[in-house]
Amino acid sequence: MNSTSAPRRPTLSPSLLRVLRAIVITIAWSTLALLTLWAVAALYVDFRIAALRVPVTLIYVLGIITVLLKFKRSLRAAVLSLAGFCSVLAWWLTLKPSNGGNWQPDNDRTAWAEMDGDRVTIHNLRNCDYRTETDYANCWGDRTLYLSQIRAADFFLTNWGLSFASHPIVSFQFGDNQHVAFSVEARYKVGQKYSTLLGCFRQYGLIFVAADERDVIRLRTNYRKNEEVYLYRVDVQPGVARAMFLTYVTYLNKLKDHPEWYNELTRNCTTTLDKPLAADVNNPQPWNYQFLLNGTLDELLYDRGRLVTGGLPFPELKQRQHINAAAQAANRSPDYSALIRAGRIGF
């Protein structure tokens with residue numbers, strides 16, 4: 001009686017196994033090196049006692065070097081190095097944000113909204129009287145709005161010459177010509193300036209600036225240098241615009257009692273609300289790198305059908321929606337919002 005033997009499984013040659021093992025080991029140690037580098041940076045940047053930052057960082061670095069020299073590239077060395085990273089991470093996660101602090105004057109108050117049926121009162125809405133970018137007064141006030149009067153949502157994109165970085169601002173129209181804008185920003189203490197590297201650690205608070213357009217847009221077109229601003233009408237119905245507005249209001253009220261850290265990757269001007277706003281629009285799309293490297297965010301929204309285009313190709317639309325000249329001419333006019341929209345597509 002003939003018997004058929006089971007097919008032999010292919011086996012890897014010893015040389016190929018050595019190559020695969022070397023690749024796995026290289027990836028593991030490269031990952032561990034990146035984790036260690038992050039831990040060193042976190043200690044140096046975020047250790048709260050300034051005089052101890054360098055000593056504590058050096059102790060950590062010397063400890064890792066000692067482990068590597070003593071145990072070479074062994075499993076024990078890897079485990080101890082990983083334990084060091086986990087210890088730093090555990091400490092780093094204990095750093096809690098606070099709304100208290102010596103904040104810069106233009107963000108020393110956090111906006112919050114009081115809801116009463118159709119009526120919404122935004123407290124600490126910003127509308128500074130600017131003399132220069134850094135010289136201003138009379139910034140804060142309250143504004144009462146009605147949800148039933150929301151007619152549209154508009155999208156501003158500010159660019160300062162970088163192809164990979166911009167700043168989005170969303171504004172909502174109430175009635176004929178009243179607009180409230182929201183700008184998600186890093187919150188600076190006195191003496192701080194923005195740094196992409198520091199934005200990856202726990203240096204800045206997260207703030208939702210609720211503002212009049214004559215503040216948050218005019219600041220960028222009339223007082224800051226080399227910032228170009230583009231304005232688009234978002235292609236949504238008033239009911240969707242209302243849902244988007246409530247998404248912003250809900251989050252800024254959350255920040256009033258539960259402050260958060262700004263983070264260059266996960267809690268920035270774009271990524272903080274990209275998913276909730278996409279849910280409001282009821283047109284979910286896959287995540288795209290342009291949410292993170294957001295210099296061409298307006299083009300992404302154009303491609304996804306989120307903007308009123310007038311049938312224009314994107315380069316022509318963008319040229320039409322550039323508002324710097326109009327904003328500079330409108331300056332302090334009470335009709336500022338209407339003037340910057342005159343002649344634009346969708347308005």
# chains A, B, ... in the order shown; residues from 1 in each chain; ligands from 1

call {"tool": "residues_around", "arguments": {"residues": "Phe174 (chain A)", "least_positions_apart": "5", "cutoff": "8 Å", "atoms": "only C-alpha atoms", "output": "list in words"}}
result
Leu145, Tyr146, Leu147, Gln149, Ile150, Arg151, Ala152 and His179 of chain A

call {"tool": "select_by_dssp", "arguments": {"residues": "region 64-204 of chain A", "states": "alpha helix (DSSP H)", "output": "list in words"}}
result
Ile64, Ile65, Thr66, Val67, Leu68, Leu69, Lys70, Phe71, Leu75, Arg76, Ala77, Ala78, Val79, Leu80, Ser81, Leu82, Ala83, Gly84, Phe85, Cys86, Ser87, Val88, Leu89, Ala90, Trp91, Trp92 and Leu93 of chain A

call {"tool": "closest_residue", "arguments": {"among": "A:Ala330, A:Ile207, A:Ala33, A:Leu277", "to": "Val240 (chain A)", "atoms": "only C-alpha atoms"}}
result
A:Leu277

call {"tool": "residues_around", "arguments": {"residues": "Ala90 (chain A)", "least_positions_apart": "4", "cutoff": "12 Å", "atoms": "only C-alpha atoms", "output": "list in words"}}
result
Ala39, Ala42, Leu43, Ala83, Gly84, Phe85, Cys86, Thr94 and Leu95 of chain A

call {"tool": "decode", "arguments": {"residues": "region 56-93 of chain A", "atoms": "N, CA, C and O atoms", "output": "PDB file, in the first residue's frame"}}
result
ATOM      1  N   VAL A  56      20.265  66.437  36.031  1.00  0.00           N
ATOM      2  CA  VAL A  56      19.382  65.275  35.924  1.00  0.00           C
ATOM      3  C   VAL A  56      19.544  64.612  34.561  1.00  0.00           C
ATOM      4  O   VAL A  56      19.601  63.373  34.452  1.00  0.00           O
ATOM      5  N   THR A  57      19.635  65.417  33.512  1.00  0.00           N
ATOM      6  CA  THR A  57      19.813  64.860  32.166  1.00  0.00           C
ATOM      7  C   THR A  57      21.141  64.116  32.057  1.00  0.00           C
ATOM      8  O   THR A  57      21.211  63.019  31.478  1.00  0.00           O
ATOM      9  N   LEU A  58      22.203  64.692  32.617  1.00  0.00           N
ATOM     10  CA  LEU A  58      23.511  64.031  32.568  1.00  0.00           C
ATOM     11  C   LEU A  58      23.510  62.721  33.342  1.00  0.00           C
ATOM     12  O   LEU A  58      24.110  61.734  32.903  1.00  0.00           O
ATOM     13  N   ILE A  59      22.862  62.698  34.482  1.00  0.00           N
ATOM     14  CA  ILE A  59      22.779  61.458  35.264  1.00  0.00           C
ATOM     15  C   ILE A  59      22.095  60.369  34.444  1.00  0.00           C
ATOM     16  O   ILE A  59      22.535  59.209  34.414  1.00  0.00           O
ATOM     17  N   TYR A  60      21.019  60.742  33.766  1.00  0.00           N
ATOM     18  CA  TYR A  60      20.303  59.756  32.941  1.00  0.00           C
ATOM     19  C   TYR A  60      21.192  59.250  31.800  1.00  0.00           C
ATOM     20  O   TYR A  60      21.284  58.039  31.554  1.00  0.00           O
ATOM     21  N   VAL A  61      21.862  60.184  31.111  1.00  0.00           N
ATOM     22  CA  VAL A  61      22.728  59.800  29.991  1.00  0.00           C
ATOM     23  C   VAL A  61      23.859  58.900  30.475  1.00  0.00           C
ATOM     24  O   VAL A  61      24.162  57.860  29.862  1.00  0.00           O
ATOM     25  N   LEU A  62      24.487  59.269  31.573  1.00  0.00           N
ATOM     26  CA  LEU A  62      25.583  58.457  32.114  1.00  0.00           C
ATOM     27  C   LEU A  62      25.085  57.082  32.550  1.00  0.00           C
ATOM     28  O   LEU A  62      25.796  56.080  32.402  1.00  0.00           O
ATOM     29  N   GLY A  63      23.874  57.027  33.088  1.00  0.00           N
ATOM     30  CA  GLY A  63      23.311  55.738  33.478  1.00  0.00           C
ATOM     31  C   GLY A  63      23.114  54.824  32.277  1.00  0.00           C
ATOM     32  O   GLY A  63      23.437  53.628  32.331  1.00  0.00           O
ATOM     33  N   ILE A  64      22.598  55.381  31.174  1.00  0.00           N
ATOM     34  CA  ILE A  64      22.395  54.582  29.964  1.00  0.00           C
ATOM     35  C   ILE A  64      23.738  54.123  29.397  1.00  0.00           C
ATOM     36  O   ILE A  64      23.908  52.963  28.987  1.00  0.00           O
ATOM     37  N   ILE A  65      24.730  55.023  29.373  1.00  0.00           N
ATOM     38  CA  ILE A  65      26.054  54.656  28.868  1.00  0.00           C
ATOM     39  C   ILE A  65      26.674  53.556  29.708  1.00  0.00           C
ATOM     40  O   ILE A  65      27.264  52.594  29.195  1.00  0.00           O
ATOM     41  N   THR A  66      26.520  53.647  31.028  1.00  0.00           N
ATOM     42  CA  THR A  66      27.064  52.616  31.923  1.00  0.00           C
ATOM     43  C   THR A  66      26.434  51.258  31.641  1.00  0.00           C
ATOM     44  O   THR A  66      27.124  50.227  31.586  1.00  0.00           O
ATOM     45  N   VAL A  67      25.114  51.262  31.456  1.00  0.00           N
ATOM     46  CA  VAL A  67      24.416  50.004  31.153  1.00  0.00           C
ATOM     47  C   VAL A  67      24.924  49.406  29.849  1.00  0.00           C
ATOM     48  O   VAL A  67      25.201  48.199  29.752  1.00  0.00           O
ATOM     49  N   LEU A  68      25.085  50.243  28.832  1.00  0.00           N
ATOM     50  CA  LEU A  68      25.522  49.737  27.525  1.00  0.00           C
ATOM     51  C   LEU A  68      26.961  49.216  27.578  1.00  0.00           C
ATOM     52  O   LEU A  68      27.294  48.211  26.933  1.00  0.00           O
ATOM     53  N   LEU A  69      27.818  49.894  28.329  1.00  0.00           N
ATOM     54  CA  LEU A  69      29.211  49.446  28.419  1.00  0.00           C
ATOM     55  C   LEU A  69      29.347  48.170  29.231  1.00  0.00           C
ATOM     56  O   LEU A  69      30.156  47.289  28.905  1.00  0.00           O
ATOM     57  N   LYS A  70      28.546  48.066  30.265  1.00  0.00           N
ATOM     58  CA  LYS A  70      28.667  46.897  31.149  1.00  0.00           C
ATOM     59  C   LYS A  70      28.071  45.647  30.520  1.00  0.00           C
ATOM     60  O   LYS A  70      28.634  44.549  30.613  1.00  0.00           O
ATOM     61  N   PHE A  71      26.923  45.799  29.888  1.00  0.00           N
ATOM     62  CA  PHE A  71      26.218  44.628  29.369  1.00  0.00           C
ATOM     63  C   PHE A  71      26.288  44.507  27.851  1.00  0.00           C
ATOM     64  O   PHE A  71      25.662  43.616  27.270  1.00  0.00           O
ATOM     65  N   LYS A  72      27.031  45.421  27.232  1.00  0.00           N
ATOM     66  CA  LYS A  72      27.174  45.428  25.773  1.00  0.00           C
ATOM     67  C   LYS A  72      25.783  45.469  25.132  1.00  0.00           C
ATOM     68  O   LYS A  72      24.859  46.061  25.666  1.00  0.00           O
ATOM     69  N   ARG A  73      25.670  44.894  23.962  1.00  0.00           N
ATOM     70  CA  ARG A  73      24.363  44.903  23.286  1.00  0.00           C
ATOM     71  C   ARG A  73      23.590  43.634  23.621  1.00  0.00           C
ATOM     72  O   ARG A  73      23.116  42.897  22.751  1.00  0.00           O
ATOM     73  N   SER A  74      23.440  43.384  24.917  1.00  0.00           N
ATOM     74  CA  SER A  74      22.740  42.181  25.363  1.00  0.00           C
ATOM     75  C   SER A  74      21.274  42.489  25.628  1.00  0.00           C
ATOM     76  O   SER A  74      20.847  43.647  25.647  1.00  0.00           O
ATOM     77  N   LEU A  75      20.493  41.437  25.846  1.00  0.00           N
ATOM     78  CA  LEU A  75      19.079  41.607  26.177  1.00  0.00           C
ATOM     79  C   LEU A  75      18.925  42.388  27.468  1.00  0.00           C
ATOM     80  O   LEU A  75      18.028  43.220  27.612  1.00  0.00           O
ATOM     81  N   ARG A  76      19.817  42.138  28.428  1.00  0.00           N
ATOM     82  CA  ARG A  76      19.735  42.861  29.704  1.00  0.00           C
ATOM     83  C   ARG A  76      19.933  44.355  29.491  1.00  0.00           C
ATOM     84  O   ARG A  76      19.226  45.175  30.090  1.00  0.00           O
ATOM     85  N   ALA A  77      20.872  44.723  28.636  1.00  0.00           N
ATOM     86  CA  ALA A  77      21.097  46.144  28.355  1.00  0.00           C
ATOM     87  C   ALA A  77      19.863  46.764  27.728  1.00  0.00           C
ATOM     88  O   ALA A  77      19.474  47.889  28.072  1.00  0.00           O
ATOM     89  N   ALA A  78      19.227  46.031  26.807  1.00  0.00           N
ATOM     90  CA  ALA A  78      18.024  46.548  26.154  1.00  0.00           C
ATOM     91  C   ALA A  78      16.890  46.733  27.156  1.00  0.00           C
ATOM     92  O   ALA A  78      16.193  47.752  27.155  1.00  0.00           O
ATOM     93  N   VAL A  79      16.713  45.743  28.035  1.00  0.00           N
ATOM     94  CA  VAL A  79      15.635  45.813  29.026  1.00  0.00           C
ATOM     95  C   VAL A  79      15.855  46.976  29.986  1.00  0.00           C
ATOM     96  O   VAL A  79      14.923  47.733  30.308  1.00  0.00           O
ATOM     97  N   LEU A  80      17.082  47.156  30.452  1.00  0.00           N
ATOM     98  CA  LEU A  80      17.368  48.253  31.381  1.00  0.00           C
ATOM     99  C   LEU A  80      17.204  49.615  30.703  1.00  0.00           C
ATOM    100  O   LEU A  80      16.701  50.565  31.309  1.00  0.00           O
ATOM    101  N   SER A  81      17.609  49.718  29.443  1.00  0.00           N
ATOM    102  CA  SER A  81      17.437  50.972  28.713  1.00  0.00           C
ATOM    103  C   SER A  81      15.958  51.275  28.513  1.00  0.00           C
ATOM    104  O   SER A  81      15.513  52.428  28.655  1.00  0.00           O
ATOM    105  N   LEU A  82      15.193  50.253  28.175  1.00  0.00           N
ATOM    106  CA  LEU A  82      13.749  50.437  28.014  1.00  0.00           C
ATOM    107  C   LEU A  82      13.104  50.822  29.338  1.00  0.00           C
ATOM    108  O   LEU A  82      12.196  51.666  29.381  1.00  0.00           O
ATOM    109  N   ALA A  83      13.564  50.234  30.425  1.00  0.00           N
ATOM    110  CA  ALA A  83      13.039  50.593  31.744  1.00  0.00           C
ATOM    111  C   ALA A  83      13.327  52.052  32.066  1.00  0.00           C
ATOM    112  O   ALA A  83      12.492  52.757  32.656  1.00  0.00           O
ATOM    113  N   GLY A  84      14.510  52.521  31.667  1.00  0.00           N
ATOM    114  CA  GLY A  84      14.833  53.929  31.871  1.00  0.00           C
ATOM    115  C   GLY A  84      13.892  54.825  31.112  1.00  0.00           C
ATOM    116  O   GLY A  84      13.394  55.836  31.647  1.00  0.00           O
ATOM    117  N   PHE A  85      13.617  54.490  29.861  1.00  0.00           N
ATOM    118  CA  PHE A  85      12.660  55.277  29.069  1.00  0.00           C
ATOM    119  C   PHE A  85      11.279  55.275  29.717  1.00  0.00           C
ATOM    120  O   PHE A  85      10.630  56.318  29.829  1.00  0.00           O
ATOM    121  N   CYS A  86      10.818  54.104  30.146  1.00  0.00           N
ATOM    122  CA  CYS A  86       9.489  54.008  30.756  1.00  0.00           C
ATOM    123  C   CYS A  86       9.397  54.845  32.031  1.00  0.00           C
ATOM    124  O   CYS A  86       8.355  55.442  32.322  1.00  0.00           O
ATOM    125  N   SER A  87      10.500  54.902  32.786  1.00  0.00           N
ATOM    126  CA  SER A  87      10.508  55.715  34.005  1.00  0.00           C
ATOM    127  C   SER A  87      10.355  57.194  33.669  1.00  0.00           C
ATOM    128  O   SER A  87       9.594  57.922  34.324  1.00  0.00           O
ATOM    129  N   VAL A  88      11.088  57.649  32.659  1.00  0.00           N
ATOM    130  CA  VAL A  88      10.982  59.049  32.244  1.00  0.00           C
ATOM    131  C   VAL A  88       9.580  59.333  31.713  1.00  0.00           C
ATOM    132  O   VAL A  88       8.971  60.363  32.029  1.00  0.00           O
ATOM    133  N   LEU A  89       9.038  58.419  30.910  1.00  0.00           N
ATOM    134  CA  LEU A  89       7.692  58.609  30.367  1.00  0.00           C
ATOM    135  C   LEU A  89       6.660  58.700  31.480  1.00  0.00           C
ATOM    136  O   LEU A  89       5.763  59.558  31.448  1.00  0.00           O
ATOM    137  N   ALA A  90       6.776  57.828  32.478  1.00  0.00           N
ATOM    138  CA  ALA A  90       5.835  57.852  33.594  1.00  0.00           C
ATOM    139  C   ALA A  90       5.900  59.188  34.329  1.00  0.00           C
ATOM    140  O   ALA A  90       4.862  59.757  34.706  1.00  0.00           O
ATOM    141  N   TRP A  91       7.124  59.704  34.548  1.00  0.00           N
ATOM    142  CA  TRP A  91       7.263  61.021  35.179  1.00  0.00           C
ATOM    143  C   TRP A  91       6.664  62.107  34.293  1.00  0.00           C
ATOM    144  O   TRP A  91       5.928  62.985  34.777  1.00  0.00           O
ATOM    145  N   TRP A  92       6.947  62.063  32.995  1.00  0.00           N
ATOM    146  CA  TRP A  92       6.503  63.095  32.055  1.00  0.00           C
ATOM    147  C   TRP A  92       4.983  63.185  32.004  1.00  0.00           C
ATOM    148  O   TRP A  92       4.409  64.274  31.917  1.00  0.00           O
ATOM    149  N   LEU A  93       4.334  62.032  32.101  1.00  0.00           N
ATOM    150  CA  LEU A  93       2.870  62.012  32.055  1.00  0.00           C
ATOM    151  C   LEU A  93       2.243  62.594  33.318  1.00  0.00           C
ATOM    152  O   LEU A  93       1.042  62.894  33.328  1.00  0.00           O
TER     153      LEU A  93
END
